Amino acid sequence: MAVPKQRKTKSRRNQRRMHIFIKAPKFLSCPKCGKPMLPHHVCQNCGYYKGKQIVDVFKKLTKKEKKEKEKELKTAQKAPKKELSMEELSRK
Ligand SMILES: [Zn+2]
């Protein structure tokens with residue numbers, strides 16, 4: 001049986017483990033609705049990916065929920081959140 005030749009100190013062990021931790025997911029804001037979404041994924045809110053509708057988000061909703069969602073998406077399309085560019089920031 002293979003046996004370690006030398007004992008690994010706590011310090012060595014902890015140095016090895018210092019990179020082992022869960023990283024927080026990085027979110028992008030959806031170009032269509034502005035809600036946070038995971039990169040390379042379909043938007044959970046509006047069902048769009050790369051400008052195309054992939055998922056029908058209204059399919060599983062009730063009539064009342066549908067109305068609310070349509071309203072929400074319309075308002076998001078009309079007034080998308082403007083992210084300040086560096087030029088605009090420097091002016092302010
Ligand atoms: Zn979206």
# chains A, B, ... in the order shown; residues from 1 in each chain; ligands from 1
>>> residues_around(residues="Ser29 (chain A)", least_positions_apart="5", cutoff="10 Å", atoms="only C-alpha atoms", output="list in words")
Gly34, Lys35, Pro36, Met37, Leu38, Pro39, Cys43 and Lys81 of chain A
>>> residues_near_ligand(ligand="ligand 1", cutoff="10 Å", atoms="only C-alpha atoms and all ligand atoms", output="list in words")
Ser29, Cys30, Pro31, Lys32, Cys33, Gly34, Lys35, Pro36, Met37, Val42, Cys43, Gln44, Asn45, Cys46, Gly47, Tyr48, Tyr49, Gly51, Gln53, Leu73, Ala76 and Gln77 of chain A
>>> write_last_selection(atoms="all heavy atoms", output="compact mmCIF listing (two decimals), in the first residue's frame")
# COMPACT_ATOMS: atom_id res chain seq x y z
N SER A 29 -27.53 41.71 -16.85
CA SER A 29 -28.91 42.17 -16.95
C SER A 29 -29.41 41.85 -18.34
O SER A 29 -28.72 42.03 -19.33
CB SER A 29 -29.00 43.67 -16.65
OG SER A 29 -28.29 44.38 -17.62
N CYS A 30 -30.63 41.34 -18.42
CA CYS A 30 -31.23 40.93 -19.70
C CYS A 30 -31.38 42.14 -20.61
O CYS A 30 -31.88 43.17 -20.19
CB CYS A 30 -32.59 40.29 -19.42
SG CYS A 30 -33.50 39.87 -20.89
N PRO A 31 -30.93 42.03 -21.87
CA PRO A 31 -31.05 43.17 -22.78
C PRO A 31 -32.51 43.50 -23.13
O PRO A 31 -32.83 44.61 -23.54
CB PRO A 31 -30.28 42.73 -24.03
CG PRO A 31 -30.16 41.27 -23.92
CD PRO A 31 -30.20 40.92 -22.47
N LYS A 32 -33.40 42.51 -22.97
CA LYS A 32 -34.80 42.74 -23.31
C LYS A 32 -35.59 43.31 -22.13
O LYS A 32 -36.27 44.30 -22.27
CB LYS A 32 -35.42 41.44 -23.79
CG LYS A 32 -36.82 41.64 -24.35
CD LYS A 32 -37.24 40.44 -25.14
CE LYS A 32 -38.71 40.42 -25.41
NZ LYS A 32 -39.25 41.61 -26.02
N CYS A 33 -35.50 42.65 -20.99
CA CYS A 33 -36.32 43.08 -19.85
C CYS A 33 -35.54 43.71 -18.71
O CYS A 33 -36.12 44.31 -17.82
CB CYS A 33 -37.15 41.91 -19.34
SG CYS A 33 -36.20 40.60 -18.61
N GLY A 34 -34.22 43.57 -18.71
CA GLY A 34 -33.42 44.23 -17.69
C GLY A 34 -33.27 43.47 -16.39
O GLY A 34 -32.57 43.92 -15.50
N LYS A 35 -33.93 42.32 -16.29
CA LYS A 35 -33.80 41.53 -15.06
C LYS A 35 -32.46 40.79 -15.06
O LYS A 35 -31.90 40.50 -16.12
CB LYS A 35 -34.94 40.49 -15.01
CG LYS A 35 -36.29 41.09 -14.67
CD LYS A 35 -36.56 40.98 -13.19
CE LYS A 35 -37.71 41.84 -12.76
NZ LYS A 35 -38.96 41.16 -12.61
N PRO A 36 -31.94 40.49 -13.87
CA PRO A 36 -30.67 39.74 -13.83
C PRO A 36 -30.82 38.34 -14.39
O PRO A 36 -31.81 37.66 -14.12
CB PRO A 36 -30.32 39.71 -12.35
CG PRO A 36 -31.56 40.04 -11.62
CD PRO A 36 -32.39 40.87 -12.54
N MET A 37 -29.86 37.92 -15.20
CA MET A 37 -29.89 36.57 -15.79
C MET A 37 -28.49 36.00 -15.83
O MET A 37 -27.50 36.71 -15.81
CB MET A 37 -30.48 36.64 -17.19
CG MET A 37 -29.70 37.51 -18.16
SD MET A 37 -30.39 37.56 -19.78
CE MET A 37 -29.40 36.32 -20.60
N VAL A 42 -31.10 31.13 -21.09
CA VAL A 42 -32.34 31.82 -21.46
C VAL A 42 -32.81 32.64 -20.26
O VAL A 42 -32.72 32.18 -19.12
CB VAL A 42 -33.42 30.79 -21.86
CG1 VAL A 42 -34.75 31.46 -22.09
CG2 VAL A 42 -32.99 30.02 -23.07
N CYS A 43 -33.29 33.86 -20.51
CA CYS A 43 -33.80 34.71 -19.44
C CYS A 43 -35.02 34.06 -18.81
O CYS A 43 -35.94 33.67 -19.52
CB CYS A 43 -34.14 36.09 -19.99
SG CYS A 43 -34.86 37.17 -18.76
N GLN A 44 -35.02 33.94 -17.48
CA GLN A 44 -36.13 33.29 -16.79
C GLN A 44 -37.37 34.18 -16.79
O GLN A 44 -38.49 33.69 -16.67
CB GLN A 44 -35.73 32.98 -15.35
CG GLN A 44 -34.61 31.98 -15.22
CD GLN A 44 -35.03 30.58 -15.59
OE1 GLN A 44 -36.03 30.10 -15.11
NE2 GLN A 44 -34.27 29.93 -16.45
N ASN A 45 -37.18 35.48 -16.93
CA ASN A 45 -38.31 36.40 -16.84
C ASN A 45 -39.07 36.51 -18.16
O ASN A 45 -40.28 36.41 -18.18
CB ASN A 45 -37.81 37.78 -16.39
CG ASN A 45 -38.95 38.71 -16.09
OD1 ASN A 45 -39.87 38.34 -15.38
ND2 ASN A 45 -38.90 39.90 -16.64
N CYS A 46 -38.34 36.71 -19.28
CA CYS A 46 -39.03 36.92 -20.55
C CYS A 46 -38.87 35.76 -21.54
O CYS A 46 -39.56 35.70 -22.54
CB CYS A 46 -38.58 38.23 -21.19
SG CYS A 46 -36.83 38.28 -21.59
N GLY A 47 -37.96 34.81 -21.27
CA GLY A 47 -37.80 33.64 -22.13
C GLY A 47 -37.05 33.91 -23.41
O GLY A 47 -37.13 33.13 -24.35
N TYR A 48 -36.28 34.98 -23.47
CA TYR A 48 -35.53 35.32 -24.67
C TYR A 48 -34.06 34.95 -24.52
O TYR A 48 -33.51 34.99 -23.42
CB TYR A 48 -35.64 36.83 -24.96
CG TYR A 48 -36.83 37.18 -25.81
CD1 TYR A 48 -38.12 37.07 -25.29
CD2 TYR A 48 -36.68 37.61 -27.11
CE1 TYR A 48 -39.22 37.39 -26.06
CE2 TYR A 48 -37.78 37.94 -27.89
CZ TYR A 48 -39.04 37.83 -27.36
OH TYR A 48 -40.13 38.14 -28.13
N TYR A 49 -33.46 34.58 -25.64
CA TYR A 49 -32.01 34.37 -25.69
C TYR A 49 -31.51 34.81 -27.05
O TYR A 49 -32.05 34.41 -28.07
CB TYR A 49 -31.67 32.89 -25.44
CG TYR A 49 -30.20 32.62 -25.41
CD1 TYR A 49 -29.42 33.07 -24.35
CD2 TYR A 49 -29.57 31.94 -26.45
CE1 TYR A 49 -28.07 32.84 -24.32
CE2 TYR A 49 -28.22 31.71 -26.42
CZ TYR A 49 -27.47 32.16 -25.35
OH TYR A 49 -26.11 31.93 -25.32
N GLY A 51 -31.93 37.53 -28.59
CA GLY A 51 -32.94 38.25 -29.35
C GLY A 51 -34.07 37.40 -29.88
O GLY A 51 -34.93 37.88 -30.61
N GLN A 53 -37.22 34.50 -29.00
CA GLN A 53 -37.98 33.89 -27.92
C GLN A 53 -37.78 32.38 -27.95
O GLN A 53 -38.04 31.73 -28.96
CB GLN A 53 -39.47 34.22 -28.05
CG GLN A 53 -40.21 33.77 -26.81
CD GLN A 53 -41.66 34.19 -26.81
OE1 GLN A 53 -42.23 34.49 -27.84
NE2 GLN A 53 -42.25 34.21 -25.63
N LEU A 73 -43.68 43.24 -18.72
CA LEU A 73 -42.73 43.17 -19.84
C LEU A 73 -42.83 44.41 -20.72
O LEU A 73 -41.83 44.91 -21.22
CB LEU A 73 -42.96 41.91 -20.66
CG LEU A 73 -42.47 40.61 -20.04
CD1 LEU A 73 -42.82 39.43 -20.92
CD2 LEU A 73 -40.98 40.64 -19.77
N ALA A 76 -41.09 47.26 -19.12
CA ALA A 76 -39.64 47.03 -19.16
C ALA A 76 -39.08 47.35 -20.54
O ALA A 76 -37.98 47.87 -20.67
CB ALA A 76 -39.31 45.60 -18.79
N GLN A 77 -39.86 47.03 -21.60
CA GLN A 77 -39.39 47.31 -22.96
C GLN A 77 -39.39 48.81 -23.26
O GLN A 77 -38.49 49.31 -23.91
CB GLN A 77 -40.31 46.62 -23.97
CG GLN A 77 -39.88 45.21 -24.29
CD GLN A 77 -40.76 44.58 -25.34
OE1 GLN A 77 -41.77 45.16 -25.72
NE2 GLN A 77 -40.39 43.42 -25.78
>>> select_by_dssp(residues="chain A", states="helix (DSSP H, G or I)", output="PyMOL selection string")
chain A and resi 10-17+63-78+86-91
>>> write_last_selection(atoms="N, CA and C atoms", output="PDB file, in the first residue's frame")
ATOM      1  N   LYS A  10      -0.551  21.446   8.923  1.00  0.00           N
ATOM      2  CA  LYS A  10      -1.831  22.170   8.819  1.00  0.00           C
ATOM      3  C   LYS A  10      -1.710  23.313   7.832  1.00  0.00           C
ATOM      4  N   SER A  11      -0.570  23.983   7.883  1.00  0.00           N
ATOM      5  CA  SER A  11      -0.330  25.120   7.009  1.00  0.00           C
ATOM      6  C   SER A  11      -0.373  24.701   5.546  1.00  0.00           C
ATOM      7  N   ARG A  12       0.336  23.610   5.212  1.00  0.00           N
ATOM      8  CA  ARG A  12       0.348  23.106   3.830  1.00  0.00           C
ATOM      9  C   ARG A  12      -1.057  22.718   3.394  1.00  0.00           C
ATOM     10  N   ARG A  13      -1.756  21.989   4.274  1.00  0.00           N
ATOM     11  CA  ARG A  13      -3.116  21.536   3.979  1.00  0.00           C
ATOM     12  C   ARG A  13      -4.018  22.737   3.708  1.00  0.00           C
ATOM     13  N   ASN A  14      -3.922  23.733   4.580  1.00  0.00           N
ATOM     14  CA  ASN A  14      -4.793  24.898   4.435  1.00  0.00           C
ATOM     15  C   ASN A  14      -4.436  25.727   3.201  1.00  0.00           C
ATOM     16  N   GLN A  15      -3.133  25.761   2.867  1.00  0.00           N
ATOM     17  CA  GLN A  15      -2.729  26.480   1.656  1.00  0.00           C
ATOM     18  C   GLN A  15      -3.311  25.803   0.414  1.00  0.00           C
ATOM     19  N   ARG A  16      -3.342  24.462   0.439  1.00  0.00           N
ATOM     20  CA  ARG A  16      -3.919  23.730  -0.689  1.00  0.00           C
ATOM     21  C   ARG A  16      -5.420  24.025  -0.789  1.00  0.00           C
ATOM     22  N   ARG A  17      -6.067  24.113   0.375  1.00  0.00           N
ATOM     23  CA  ARG A  17      -7.525  24.258   0.375  1.00  0.00           C
ATOM     24  C   ARG A  17      -8.002  25.692   0.223  1.00  0.00           C
ATOM     25  N   LYS A  63     -54.811  33.290 -16.243  1.00  0.00           N
ATOM     26  CA  LYS A  63     -55.183  34.464 -17.018  1.00  0.00           C
ATOM     27  C   LYS A  63     -54.741  35.762 -16.325  1.00  0.00           C
ATOM     28  N   LYS A  64     -54.968  35.803 -15.018  1.00  0.00           N
ATOM     29  CA  LYS A  64     -54.635  37.009 -14.246  1.00  0.00           C
ATOM     30  C   LYS A  64     -53.121  37.241 -14.233  1.00  0.00           C
ATOM     31  N   GLU A  65     -52.392  36.157 -14.011  1.00  0.00           N
ATOM     32  CA  GLU A  65     -50.923  36.258 -13.973  1.00  0.00           C
ATOM     33  C   GLU A  65     -50.371  36.699 -15.328  1.00  0.00           C
ATOM     34  N   LYS A  66     -51.005  36.162 -16.410  1.00  0.00           N
ATOM     35  CA  LYS A  66     -50.593  36.533 -17.761  1.00  0.00           C
ATOM     36  C   LYS A  66     -50.686  38.034 -17.970  1.00  0.00           C
ATOM     37  N   LYS A  67     -51.834  38.607 -17.568  1.00  0.00           N
ATOM     38  CA  LYS A  67     -52.057  40.034 -17.747  1.00  0.00           C
ATOM     39  C   LYS A  67     -50.973  40.835 -17.037  1.00  0.00           C
ATOM     40  N   GLU A  68     -50.706  40.446 -15.788  1.00  0.00           N
ATOM     41  CA  GLU A  68     -49.699  41.169 -14.997  1.00  0.00           C
ATOM     42  C   GLU A  68     -48.319  41.081 -15.646  1.00  0.00           C
ATOM     43  N   LYS A  69     -47.994  39.878 -16.126  1.00  0.00           N
ATOM     44  CA  LYS A  69     -46.681  39.655 -16.730  1.00  0.00           C
ATOM     45  C   LYS A  69     -46.536  40.473 -18.020  1.00  0.00           C
ATOM     46  N   GLU A  70     -47.583  40.463 -18.856  1.00  0.00           N
ATOM     47  CA  GLU A  70     -47.532  41.235 -20.099  1.00  0.00           C
ATOM     48  C   GLU A  70     -47.311  42.712 -19.809  1.00  0.00           C
ATOM     49  N   LYS A  71     -48.014  43.195 -18.793  1.00  0.00           N
ATOM     50  CA  LYS A  71     -47.881  44.591 -18.394  1.00  0.00           C
ATOM     51  C   LYS A  71     -46.442  44.883 -17.973  1.00  0.00           C
ATOM     52  N   GLU A  72     -45.915  43.976 -17.153  1.00  0.00           N
ATOM     53  CA  GLU A  72     -44.559  44.150 -16.624  1.00  0.00           C
ATOM     54  C   GLU A  72     -43.531  44.184 -17.759  1.00  0.00           C
ATOM     55  N   LEU A  73     -43.678  43.241 -18.721  1.00  0.00           N
ATOM     56  CA  LEU A  73     -42.727  43.175 -19.836  1.00  0.00           C
ATOM     57  C   LEU A  73     -42.827  44.412 -20.718  1.00  0.00           C
ATOM     58  N   LYS A  74     -44.068  44.900 -20.919  1.00  0.00           N
ATOM     59  CA  LYS A  74     -44.239  46.091 -21.757  1.00  0.00           C
ATOM     60  C   LYS A  74     -43.547  47.296 -21.152  1.00  0.00           C
ATOM     61  N   THR A  75     -43.737  47.483 -19.842  1.00  0.00           N
ATOM     62  CA  THR A  75     -43.104  48.632 -19.188  1.00  0.00           C
ATOM     63  C   THR A  75     -41.585  48.502 -19.223  1.00  0.00           C
ATOM     64  N   ALA A  76     -41.087  47.257 -19.116  1.00  0.00           N
ATOM     65  CA  ALA A  76     -39.635  47.034 -19.160  1.00  0.00           C
ATOM     66  C   ALA A  76     -39.077  47.350 -20.541  1.00  0.00           C
ATOM     67  N   GLN A  77     -39.857  47.034 -21.599  1.00  0.00           N
ATOM     68  CA  GLN A  77     -39.393  47.309 -22.962  1.00  0.00           C
ATOM     69  C   GLN A  77     -39.386  48.805 -23.260  1.00  0.00           C
ATOM     70  N   LYS A  78     -40.453  49.496 -22.765  1.00  0.00           N
ATOM     71  CA  LYS A  78     -40.546  50.925 -23.060  1.00  0.00           C
ATOM     72  C   LYS A  78     -39.432  51.712 -22.406  1.00  0.00           C
ATOM     73  N   MET A  86     -19.119  55.468 -19.284  1.00  0.00           N
ATOM     74  CA  MET A  86     -18.045  56.203 -18.612  1.00  0.00           C
ATOM     75  C   MET A  86     -18.108  57.696 -18.947  1.00  0.00           C
ATOM     76  N   GLU A  87     -18.527  58.019 -20.172  1.00  0.00           N
ATOM     77  CA  GLU A  87     -18.640  59.428 -20.567  1.00  0.00           C
ATOM     78  C   GLU A  87     -19.675  60.165 -19.727  1.00  0.00           C
ATOM     79  N   GLU A  88     -20.847  59.474 -19.571  1.00  0.00           N
ATOM     80  CA  GLU A  88     -21.916  60.099 -18.799  1.00  0.00           C
ATOM     81  C   GLU A  88     -21.520  60.273 -17.345  1.00  0.00           C
ATOM     82  N   LEU A  89     -20.802  59.282 -16.836  1.00  0.00           N
ATOM     83  CA  LEU A  89     -20.369  59.357 -15.437  1.00  0.00           C
ATOM     84  C   LEU A  89     -19.390  60.532 -15.224  1.00  0.00           C
ATOM     85  N   SER A  90     -18.529  60.723 -16.213  1.00  0.00           N
ATOM     86  CA  SER A  90     -17.537  61.786 -16.058  1.00  0.00           C
ATOM     87  C   SER A  90     -18.200  63.166 -16.131  1.00  0.00           C
ATOM     88  N   ARG A  91     -19.342  63.255 -16.860  1.00  0.00           N
ATOM     89  CA  ARG A  91     -20.037  64.528 -16.921  1.00  0.00           C
ATOM     90  C   ARG A  91     -20.660  64.888 -15.570  1.00  0.00           C
TER      91      ARG A  91
END
>>> atom_distance(atom1="CA of His41 (chain A)", atom2="CA of Ala24 (chain A)")
16.2 Å
>>> select_by_dssp(residues="region 24-75 of chain A", states="strand (DSSP E)", output="ChimeraX atom specification")
/A:28-29,36-37,48-49,52-53
>>> decode(residues="region 24-40 of chain A", atoms="C-alpha atoms", output="PDB file, in the first residue's frame")
ATOM      1  CA  ALA A  24     -21.118  33.506  -6.281  1.00  0.00           C
ATOM      2  CA  PRO A  25     -22.706  33.293  -9.755  1.00  0.00           C
ATOM      3  CA  LYS A  26     -22.180  36.267 -12.027  1.00  0.00           C
ATOM      4  CA  PHE A  27     -25.313  37.876 -13.355  1.00  0.00           C
ATOM      5  CA  LEU A  28     -25.902  39.938 -16.471  1.00  0.00           C
ATOM      6  CA  SER A  29     -28.906  42.171 -16.946  1.00  0.00           C
ATOM      7  CA  CYS A  30     -31.233  40.925 -19.696  1.00  0.00           C
ATOM      8  CA  PRO A  31     -31.054  43.175 -22.779  1.00  0.00           C
ATOM      9  CA  LYS A  32     -34.796  42.743 -23.310  1.00  0.00           C
ATOM     10  CA  CYS A  33     -36.324  43.078 -19.853  1.00  0.00           C
ATOM     11  CA  GLY A  34     -33.424  44.233 -17.687  1.00  0.00           C
ATOM     12  CA  LYS A  35     -33.801  41.527 -15.064  1.00  0.00           C
ATOM     13  CA  PRO A  36     -30.673  39.742 -13.832  1.00  0.00           C
ATOM     14  CA  MET A  37     -29.889  36.572 -15.787  1.00  0.00           C
ATOM     15  CA  LEU A  38     -27.116  34.007 -15.960  1.00  0.00           C
ATOM     16  CA  PRO A  39     -24.735  34.346 -18.919  1.00  0.00           C
ATOM     17  CA  HIS A  40     -25.331  31.826 -21.772  1.00  0.00           C
TER      18      HIS A  40
END
